[in-house]
Amino acid sequence: RMGDKGSMVCLLLEGCCCSVRGMSSPRLYIMENQNIRPDPVDYQIIAFSNCMQILACICHIAACIVPALNDLADLISCIADMITLTVTGCMGAQISLQIENDQKNVGQVQVAVPVPTTEGGAPAVSAKMER
């Protein structure tokens, strides 16, 4: 049956038809099972990737109305695809690192160091910017 654990047909279809989702789902599964909190920047990067894909779609729709925008739509689509594939590669690296560390019994790997905050959520120590 489709969806069974270990089904090679499902694995093939997932890898070929929806590879980005195929990388995102295991990442979320591992994080949920091991109670790992992602870095907030992860969500921002994923959101940026999604926005670029939406922009590419809008540009292709605009190119249907104004054919002169075809090249621009293709360029934005190419950039959006590169961003999405880069994000997918990062997800794969996170999954691989966590699986390797699980096999070594290291546990959760801290990818980013949290910033200490006060009760209001502001950073505990204000950082001075140099000009």
# chains A, B, ... in the order shown; residues from 1 in each chain; ligands from 1

$ residues_around --residues "Tyr43 of chain A" --least-positions-apart "5" --cutoff "12 Å" --atoms "only C-alpha atoms" --output "PyMOL selection string"
chain A and resi 24+28+37-38+48-50+87+91

$ residues_around --residues "Leu55 of chain A" --least-positions-apart "6" --cutoff "12 Å" --atoms "only C-alpha atoms" --output "short mmCIF file (atom, residue, chain, number, x, y, z; two decimals) with N, CA and C atoms, in the first residue's frame"
data_model
loop_
_atom_site.label_atom_id
_atom_site.label_comp_id
_atom_site.auth_asym_id
_atom_site.auth_seq_id
_atom_site.Cartn_x
_atom_site.Cartn_y
_atom_site.Cartn_z
N PHE A 48 11.53 33.21 3.15
CA PHE A 48 12.10 33.93 2.02
C PHE A 48 12.08 33.08 0.76
N SER A 49 12.43 31.82 0.92
CA SER A 49 12.39 30.89 -0.22
C SER A 49 10.97 30.78 -0.78
N ILE A 61 2.78 34.73 -14.43
CA ILE A 61 1.41 35.14 -14.76
C ILE A 61 1.44 36.49 -15.48
N ALA A 62 2.28 37.42 -15.00
CA ALA A 62 2.41 38.71 -15.67
C ALA A 62 2.98 38.54 -17.08
N LEU A 72 12.40 38.09 -17.89
CA LEU A 72 12.48 38.46 -16.48
C LEU A 72 11.84 37.38 -15.61
N ALA A 73 10.72 36.85 -16.03
CA ALA A 73 10.05 35.78 -15.28
C ALA A 73 10.93 34.54 -15.20
N ASP A 74 11.59 34.21 -16.30
CA ASP A 74 12.49 33.05 -16.29
C ASP A 74 13.68 33.28 -15.37
N LEU A 75 14.22 34.49 -15.36
CA LEU A 75 15.36 34.82 -14.50
C LEU A 75 14.95 34.71 -13.03
N ILE A 76 13.82 35.30 -12.66
CA ILE A 76 13.37 35.25 -11.28
C ILE A 76 13.05 33.81 -10.87
N SER A 77 12.49 33.05 -11.78
CA SER A 77 12.19 31.65 -11.51
C SER A 77 13.48 30.86 -11.26
N CYS A 78 14.50 31.13 -12.03
CA CYS A 78 15.80 30.46 -11.85
C CYS A 78 16.41 30.82 -10.50
N ILE A 79 16.37 32.10 -10.14
CA ILE A 79 16.90 32.54 -8.84
C ILE A 79 16.11 31.90 -7.70
N ALA A 80 14.78 31.88 -7.83
CA ALA A 80 13.94 31.29 -6.79
C ALA A 80 14.24 29.80 -6.63
N ASP A 81 14.45 29.11 -7.75
CA ASP A 81 14.78 27.69 -7.68
C ASP A 81 16.14 27.45 -7.02
#

$ atom_distance --atom1 "atom CA of Ile99 of chain A" --atom2 "atom CA of Gln44 of chain A"
24.0 Å

$ closest_residue --among "A:Cys17, A:Val9, A:Met23, A:Ala56" --to "Gly92 of chain A" --atoms "only C-alpha atoms"
A:Met23

$ closest_residue --among "A:Ile95, A:Asp102, A:Met52, A:Thr88" --to "Arg27 of chain A" --atoms "only C-alpha atoms"
A:Ile95
